[in-house]
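Asks: Just dropping this structure here.
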Amino acid sequence: MNKAKFLLLSFAMAISGLASAQKMSLQDIADHEASEYINRTNSSLKEIEEQLLSYPDFKLSKKSIDLAIAKAEKEWGGPEIWNQKAEFVAKTALEENKLSCPELLSELVQRRKFTVPQANYAAKKLKVCQ
């Protein structure tokens with residue numbers, strides 16, 4: 001294939017991709033991104049909300065983010081997913097540092113923005129706080 005045909009084909013594919021991307025609603029984008037964050041990161045709910053609210057290329061409303069997170073949460077295991085993520089983060093923090101119970105809870109709640117019940121669940125599950 002010569003260079004001109006390659007450039008023409010590349011341009012046509014780019015326009016086609018742009019057209020299909022424009023068909024996605026902001027809710028579709030929020031749904032996709034929330035699902036990706038929940039599936040691929042150990043971020044807390046609050047961290048995911050903040051990330052989605054700060055997208056520079058498009059403005060997602062709090063309502064669309066809440067709907068997207070609820071949908072993704074259901075897809076990836078329900079509300080229990082946040083306890084599992086808190087437990088994983090706690091386990092990693094304990095492997096990296098020898099933390100006391102209060103230090104671990106502070107790490108989970110203040111720095112990683114998990115809820116107090118999620119932090120307590122993780123700490124008790126890992127037998128750091130008895």
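Residue numbering restarts at 1 in every chain; chains get A, B, ... in the order shown in the structure tokens, and ligands count up from 1 in that same order.
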Applying 12 Å and only C-alpha atoms, which residues near Val116 in chain A remain after dropping the ones on its own chain fewer than 5 positions away? List them as a PyMOL selection string.

Replies: chain A and resi 44+82-83+86+102+104-110+121-123

Asks: May I have the selected residues written with all heavy atoms, as a CSV table (one decimal), in the first residue's frame?

Replies:
```csv
chain,number,residue,atom,x,y,z
A,44,SER,N,-10.9,3.7,46.4
A,44,SER,CA,-12.1,3.8,47.2
A,44,SER,C,-13.2,4.5,46.4
A,44,SER,O,-12.9,5.1,45.3
A,44,SER,CB,-11.9,4.6,48.5
A,44,SER,OG,-11.6,6.0,48.1
A,82,TRP,N,-16.3,-2.8,48.0
A,82,TRP,CA,-15.5,-1.8,48.7
A,82,TRP,C,-14.8,-2.4,49.9
A,82,TRP,O,-13.7,-2.0,50.2
A,82,TRP,CB,-16.4,-0.6,49.1
A,82,TRP,CG,-17.1,-0.1,47.9
A,82,TRP,CD1,-18.5,-0.2,47.6
A,82,TRP,CD2,-16.6,0.5,46.7
A,82,TRP,NE1,-18.8,0.4,46.4
A,82,TRP,CE2,-17.6,0.8,45.8
A,82,TRP,CE3,-15.3,0.8,46.3
A,82,TRP,CZ2,-17.4,1.4,44.6
A,82,TRP,CZ3,-15.1,1.4,45.1
A,82,TRP,CH2,-16.1,1.7,44.2
A,83,ASN,N,-15.4,-3.3,50.6
A,83,ASN,CA,-14.7,-4.0,51.7
A,83,ASN,C,-13.5,-4.8,51.2
A,83,ASN,O,-12.5,-4.8,51.8
A,83,ASN,CB,-15.7,-4.9,52.4
A,83,ASN,CG,-16.7,-4.2,53.3
A,83,ASN,OD1,-16.5,-3.1,53.7
A,83,ASN,ND2,-17.7,-4.9,53.7
A,86,ALA,N,-10.8,-2.3,50.4
A,86,ALA,CA,-10.2,-1.8,51.6
A,86,ALA,C,-9.2,-2.9,52.2
A,86,ALA,O,-8.1,-2.5,52.7
A,86,ALA,CB,-11.2,-1.4,52.6
A,102,PRO,N,-4.5,2.1,64.9
A,102,PRO,CA,-4.9,3.4,64.6
A,102,PRO,C,-4.2,4.0,63.3
A,102,PRO,O,-4.8,4.7,62.5
A,102,PRO,CB,-4.4,4.3,65.8
A,102,PRO,CG,-4.3,3.3,66.9
A,102,PRO,CD,-3.9,2.0,66.3
A,104,LEU,N,-3.2,2.2,60.7
A,104,LEU,CA,-3.8,1.6,59.5
A,104,LEU,C,-5.2,2.2,59.3
A,104,LEU,O,-5.5,2.5,58.1
A,104,LEU,CB,-4.0,0.0,59.8
A,104,LEU,CG,-4.7,-0.7,58.6
A,104,LEU,CD1,-3.9,-0.6,57.3
A,104,LEU,CD2,-4.9,-2.2,59.0
A,105,LEU,N,-6.0,2.4,60.3
A,105,LEU,CA,-7.3,3.0,60.1
A,105,LEU,C,-7.2,4.4,59.5
A,105,LEU,O,-7.9,4.8,58.6
A,105,LEU,CB,-8.1,3.0,61.4
A,105,LEU,CG,-8.5,1.6,61.9
A,105,LEU,CD1,-9.1,1.8,63.3
A,105,LEU,CD2,-9.4,0.9,61.0
A,106,SER,N,-6.2,5.2,60.0
A,106,SER,CA,-5.9,6.5,59.5
A,106,SER,C,-5.5,6.5,58.0
A,106,SER,O,-6.0,7.3,57.2
A,106,SER,CB,-4.8,7.2,60.3
A,106,SER,OG,-4.5,8.4,59.8
A,107,GLU,N,-4.7,5.5,57.7
A,107,GLU,CA,-4.2,5.3,56.3
A,107,GLU,C,-5.5,5.1,55.4
A,107,GLU,O,-5.6,5.7,54.3
A,107,GLU,CB,-3.2,4.2,56.2
A,107,GLU,CG,-2.9,3.7,54.8
A,107,GLU,CD,-2.0,4.7,54.0
A,107,GLU,OE1,-1.4,5.6,54.7
A,107,GLU,OE2,-1.8,4.5,52.8
A,108,LEU,N,-6.3,4.2,55.8
A,108,LEU,CA,-7.5,3.8,55.0
A,108,LEU,C,-8.5,4.9,54.9
A,108,LEU,O,-9.0,5.2,53.8
A,108,LEU,CB,-8.1,2.6,55.5
A,108,LEU,CG,-7.3,1.3,55.4
A,108,LEU,CD1,-8.0,0.1,56.1
A,108,LEU,CD2,-7.1,0.9,53.9
A,109,VAL,N,-8.8,5.6,56.0
A,109,VAL,CA,-9.9,6.6,56.0
A,109,VAL,C,-9.4,8.0,55.5
A,109,VAL,O,-10.0,8.6,54.7
A,109,VAL,CB,-10.5,6.7,57.4
A,109,VAL,CG1,-11.5,7.8,57.5
A,109,VAL,CG2,-11.1,5.4,57.8
A,110,GLN,N,-8.3,8.4,56.0
A,110,GLN,CA,-7.9,9.8,55.7
A,110,GLN,C,-7.1,9.9,54.4
A,110,GLN,O,-7.4,10.7,53.6
A,110,GLN,CB,-7.0,10.4,56.8
A,110,GLN,CG,-7.8,10.6,58.1
A,110,GLN,CD,-7.0,11.1,59.2
A,110,GLN,OE1,-5.8,11.2,59.1
A,110,GLN,NE2,-7.6,11.4,60.3
A,121,TYR,N,-13.7,-3.1,58.8
A,121,TYR,CA,-13.8,-4.4,58.2
A,121,TYR,C,-12.4,-5.0,57.9
A,121,TYR,O,-12.1,-6.1,58.2
A,121,TYR,CB,-14.7,-4.4,57.0
A,121,TYR,CG,-14.7,-5.7,56.2
A,121,TYR,CD1,-15.6,-6.7,56.6
A,121,TYR,CD2,-13.9,-5.9,55.2
A,121,TYR,CE1,-15.6,-7.9,55.9
A,121,TYR,CE2,-13.9,-7.1,54.5
A,121,TYR,CZ,-14.8,-8.1,54.8
A,121,TYR,OH,-14.7,-9.3,54.1
A,122,ALA,N,-11.7,-4.2,57.1
A,122,ALA,CA,-10.3,-4.6,56.6
A,122,ALA,C,-9.4,-4.9,57.8
A,122,ALA,O,-8.7,-5.9,57.8
A,122,ALA,CB,-9.8,-3.6,55.7
A,123,ALA,N,-9.4,-4.0,58.8
A,123,ALA,CA,-8.5,-4.2,59.9
A,123,ALA,C,-8.8,-5.4,60.7
A,123,ALA,O,-7.9,-6.1,61.2
A,123,ALA,CB,-8.5,-2.9,60.8
```

Asks: Would you mind listing what lies within 9 Å of Ser43 in chain A as number ranges by chain, with only C-alpha atoms counted and same-chain residues fewer than 6 positions away left out?

Replies: A: 37, 82, 85-86, 89, 112-114

Asks: Near range 24-29 of chain A, within 9 Å and counting only C-alpha atoms, which residues show up once chain neighbours fewer than 4 positions away are dropped, as a list in words?

Replies: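 Residues meeting the cut-off are Ser20, Glu33, Ala34, Phe58, Lys59, Leu60, Ser61, Ser64, Ile65, Leu67 and Ala68 of chain A.
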
Asks: What is the CA of Leu94 in chain A to CA of Val128 in chain A distance in Å?

Replies: 9.2 Å

Asks: Could you list, as a PyMOL selection string, every residue within 9 Å of Gln84 in chain A, counting only C-alpha atoms and ignoring same-chain residues fewer than 3 positions away?

Replies: chain A and resi 42+80-81+87-89+118+122

Asks: Could you take the residues named above and write them with all heavy atoms, as a CSV table (one decimal), in the first residue's frame?

Replies:
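The resulting file, result_3.csv, is reproduced below:
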```
chain,number,residue,atom,x,y,z
A,42,ASN,N,-7.7,-0.3,42.9
A,42,ASN,CA,-8.1,-0.6,44.3
A,42,ASN,C,-8.5,0.8,45.0
A,42,ASN,O,-8.2,1.0,46.1
A,42,ASN,CB,-7.0,-1.3,45.1
A,42,ASN,CG,-7.0,-2.7,44.7
A,42,ASN,OD1,-8.0,-3.4,44.7
A,42,ASN,ND2,-5.8,-3.2,44.2
A,80,GLU,N,-20.2,-5.1,48.6
A,80,GLU,CA,-19.1,-5.8,49.2
A,80,GLU,C,-17.7,-5.5,48.5
A,80,GLU,O,-16.7,-5.7,49.2
A,80,GLU,CB,-19.4,-7.3,49.2
A,80,GLU,CG,-18.4,-8.2,49.8
A,80,GLU,CD,-18.2,-8.0,51.3
A,80,GLU,OE1,-19.1,-7.5,52.0
A,80,GLU,OE2,-17.1,-8.3,51.8
A,81,ILE,N,-17.8,-5.1,47.3
A,81,ILE,CA,-16.5,-4.8,46.6
A,81,ILE,C,-15.7,-3.8,47.3
A,81,ILE,O,-14.4,-3.9,47.3
A,81,ILE,CB,-16.8,-4.3,45.1
A,81,ILE,CG1,-15.6,-4.3,44.3
A,81,ILE,CG2,-17.5,-3.0,45.1
A,81,ILE,CD1,-15.1,-5.7,43.8
A,87,GLU,N,-9.7,-4.1,52.2
A,87,GLU,CA,-8.8,-5.2,52.7
A,87,GLU,C,-7.6,-5.3,51.9
A,87,GLU,O,-6.5,-5.5,52.5
A,87,GLU,CB,-9.6,-6.5,52.7
A,87,GLU,CG,-8.9,-7.7,53.3
A,87,GLU,CD,-9.6,-9.0,53.2
A,87,GLU,OE1,-10.8,-9.0,52.9
A,87,GLU,OE2,-9.0,-10.0,53.5
A,88,PHE,N,-7.6,-5.3,50.6
A,88,PHE,CA,-6.4,-5.4,49.8
A,88,PHE,C,-5.5,-4.2,50.0
A,88,PHE,O,-4.3,-4.4,50.2
A,88,PHE,CB,-6.8,-5.4,48.3
A,88,PHE,CG,-5.6,-5.5,47.4
A,88,PHE,CD1,-5.0,-6.7,47.1
A,88,PHE,CD2,-5.0,-4.4,46.8
A,88,PHE,CE1,-3.9,-6.8,46.4
A,88,PHE,CE2,-3.9,-4.5,46.0
A,88,PHE,CZ,-3.3,-5.7,45.8
A,89,VAL,N,-6.0,-3.0,50.1
A,89,VAL,CA,-5.2,-1.8,50.4
A,89,VAL,C,-4.5,-1.9,51.8
A,89,VAL,O,-3.3,-1.6,51.9
A,89,VAL,CB,-6.0,-0.5,50.2
A,89,VAL,CG1,-5.2,0.7,50.8
A,89,VAL,CG2,-6.4,-0.3,48.8
A,118,GLN,N,-15.7,0.4,56.3
A,118,GLN,CA,-14.8,-0.4,55.4
A,118,GLN,C,-13.4,-0.6,56.0
A,118,GLN,O,-12.8,-1.7,55.9
A,118,GLN,CB,-14.7,0.3,54.0
A,118,GLN,CG,-16.0,0.3,53.3
A,118,GLN,CD,-16.1,1.3,52.1
A,118,GLN,OE1,-15.2,2.2,52.0
A,118,GLN,NE2,-17.2,1.2,51.3
A,122,ALA,N,-11.7,-4.2,57.1
A,122,ALA,CA,-10.3,-4.6,56.6
A,122,ALA,C,-9.4,-4.9,57.8
A,122,ALA,O,-8.7,-5.9,57.8
A,122,ALA,CB,-9.8,-3.6,55.7
```

Asks: Find the residues near Pro79 in chain A: any atom within 9 Å, counting only C-alpha atoms, skip ones fewer than 5 places away on the same chain, and give them as JSON, numbers by chain.

Replies: {"A": [70, 73, 74]}

Asks: Just write the chosen residues, N, CA, C and O atoms, as a PDB file, in the first residue's frame.

Replies:
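For reference, result.pdb as written:
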```pdb
ATOM      1  N   ALA A  70     -23.116   3.034  40.740  1.00  0.00           N
ATOM      2  CA  ALA A  70     -24.083   2.026  41.202  1.00  0.00           C
ATOM      3  C   ALA A  70     -24.189   0.877  40.206  1.00  0.00           C
ATOM      4  O   ALA A  70     -24.220  -0.299  40.600  1.00  0.00           O
ATOM      5  N   GLU A  73     -20.857  -1.043  40.345  1.00  0.00           N
ATOM      6  CA  GLU A  73     -20.781  -1.750  41.626  1.00  0.00           C
ATOM      7  C   GLU A  73     -21.561  -3.062  41.540  1.00  0.00           C
ATOM      8  O   GLU A  73     -21.080  -4.111  41.962  1.00  0.00           O
ATOM      9  N   LYS A  74     -22.742  -2.991  40.975  1.00  0.00           N
ATOM     10  CA  LYS A  74     -23.574  -4.182  40.807  1.00  0.00           C
ATOM     11  C   LYS A  74     -22.882  -5.191  39.882  1.00  0.00           C
ATOM     12  O   LYS A  74     -22.876  -6.390  40.146  1.00  0.00           O
TER      13      LYS A  74
END
```
